[in-house]
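A short worksheet on the structure shown next.
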Amino acid sequence: MEKNRKVLIIGGNGFIGRNFLKRLVERDDLSVYSFDLSMPADKIPGVIYKEGDFFDDHVLKKNVEDMDLIIHSLCTVNPGNSNDKYMQGYGRDFLQTVKLCGLLAEQKANMIFLSSGGTVYGVQESQPIKETALPVPINHYGSLKLCIENVIRTFNTQRHTKMRIARISNPFGPGQDYQKGVGFVDAAVKKMIRGEELEIWGDGETVRDYIYIEDVCKMLETLVDYEGEEEVFNISSNEGVTQNKVIEILKTLDRNIQVVYKEARSVDVKRIVLDNSKIRKYYQGDIRSFEEGLKEYYRYLSCRSEVLS
């Protein structure tokens, strides 16, 4: 089959970006590109790699030219450090993404922006949270993502583009690194395997909508082919799980896990569960339960020597 669409993932070396590359490169109708600051140590066969600085205007323009679809998965701040690095987020990530939107509007290309369902909504009484809920982020990471979302909506209205927003809940699985600032499940499993102490900020009753990364990529793939009028999609499991429940399931795997509870952080919302009924209209595949995904990830990590180092 002739490859008739060019898809570029900005941030292809990242956790979601790399997993999504693996998914898309299996398709015969797409030419799949990765754009990041450096070449990965282990390239994915079939992916065409582009190396360069997203924040260099000339380099960015050169690398998005001729692309039909951009997957924007790059961000230089995270929920934990965004209150300290907020100007980096607004001054670099936000402004450069506005420029990217302008470039794509000029060349009539599309984009799927990977937003943060775990932070843009903030505190919400009605759960699971629908895409129509008014976002009220309580940390600068969520605020940054929402600022970008609003720019995308304005371009869609004024320039008649069809850029999509994917609000992803709390993904976990192969390729994640909690040391980069996100990933409670990743931290819990790795620390248990290594016999290290796990820190929980608060009483452990914080609820999150954890979803296995492969299921995230399957739902995102649906948006690659989507041609409707909807702008915003929750990408989630629709299942709320407490941190204490994560620990409880891990203990059933015949492992001892050491947990220490610390004072809750102001950047963390107490409960976030996202309604995924909109994306489920277009994605009819299975979604793992949290317990299934957790055990699968545990098995994956248990046979890898680098986890023990």
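Scheme for the structure tokens: letters A, B, ... for chains in order shown; per-chain residue numbers from 1; ligand numbers from 1 in order shown.
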(request) Show which residues sit within 9 Å of Ile48 (chain A), as a PyMOL selection string. Count only C-alpha atoms, and ignore same-chain residues fewer than 4 positions away. (result) chain A and resi 31-35+44
(request) Could you check which of A:Asn256, A:Asn13, A:Ser236, A:Ser289 is closest to Asn170 (chain A), using only C-alpha atoms? (result) A:Ser236
(message) Nearest residue to Val185 (chain A) out of A:Asp275, A:Asp68, A:Glu199, A:Glu51, using only C-alpha atoms?
(response)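 Looking at the shortest contact to Val185 (chain A), the residue is A:Glu199.
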Hey, what's within 9 Å of Asn244 (chain A) if we count only C-alpha atoms and toss same-chain stuff fewer than 4 positions away? As a PDB file with C-alpha atoms, in the first residue's frame, please?
ATOM      1  CA  ASP A 203      -2.646   9.822  53.109  1.00  0.00           C
ATOM      2  CA  GLY A 204      -2.618   7.637  50.001  1.00  0.00           C
ATOM      3  CA  GLU A 205      -6.289   8.240  49.255  1.00  0.00           C
ATOM      4  CA  THR A 206      -5.553  10.460  46.249  1.00  0.00           C
ATOM      5  CA  GLU A 248      -2.451  -3.227  47.964  1.00  0.00           C
ATOM      6  CA  ILE A 249      -2.314  -4.855  44.515  1.00  0.00           C
TER       7      ILE A 249
END
(request) List every residue of region 12-80 of chain A that DSSP, applied to the backbone of this structure, places in alpha helix (DSSP H), and write the result as a PyMOL selection string. (result) chain A and resi 15-24+57-64
(request) Rank nothing, just name the residue among A:Ala188, A:Val232, A:Leu134, A:Leu114 nearest to Lys245 (chain A), using only C-alpha atoms. (result)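 Closest residue, counting only C-alpha atoms: A:Ala188.
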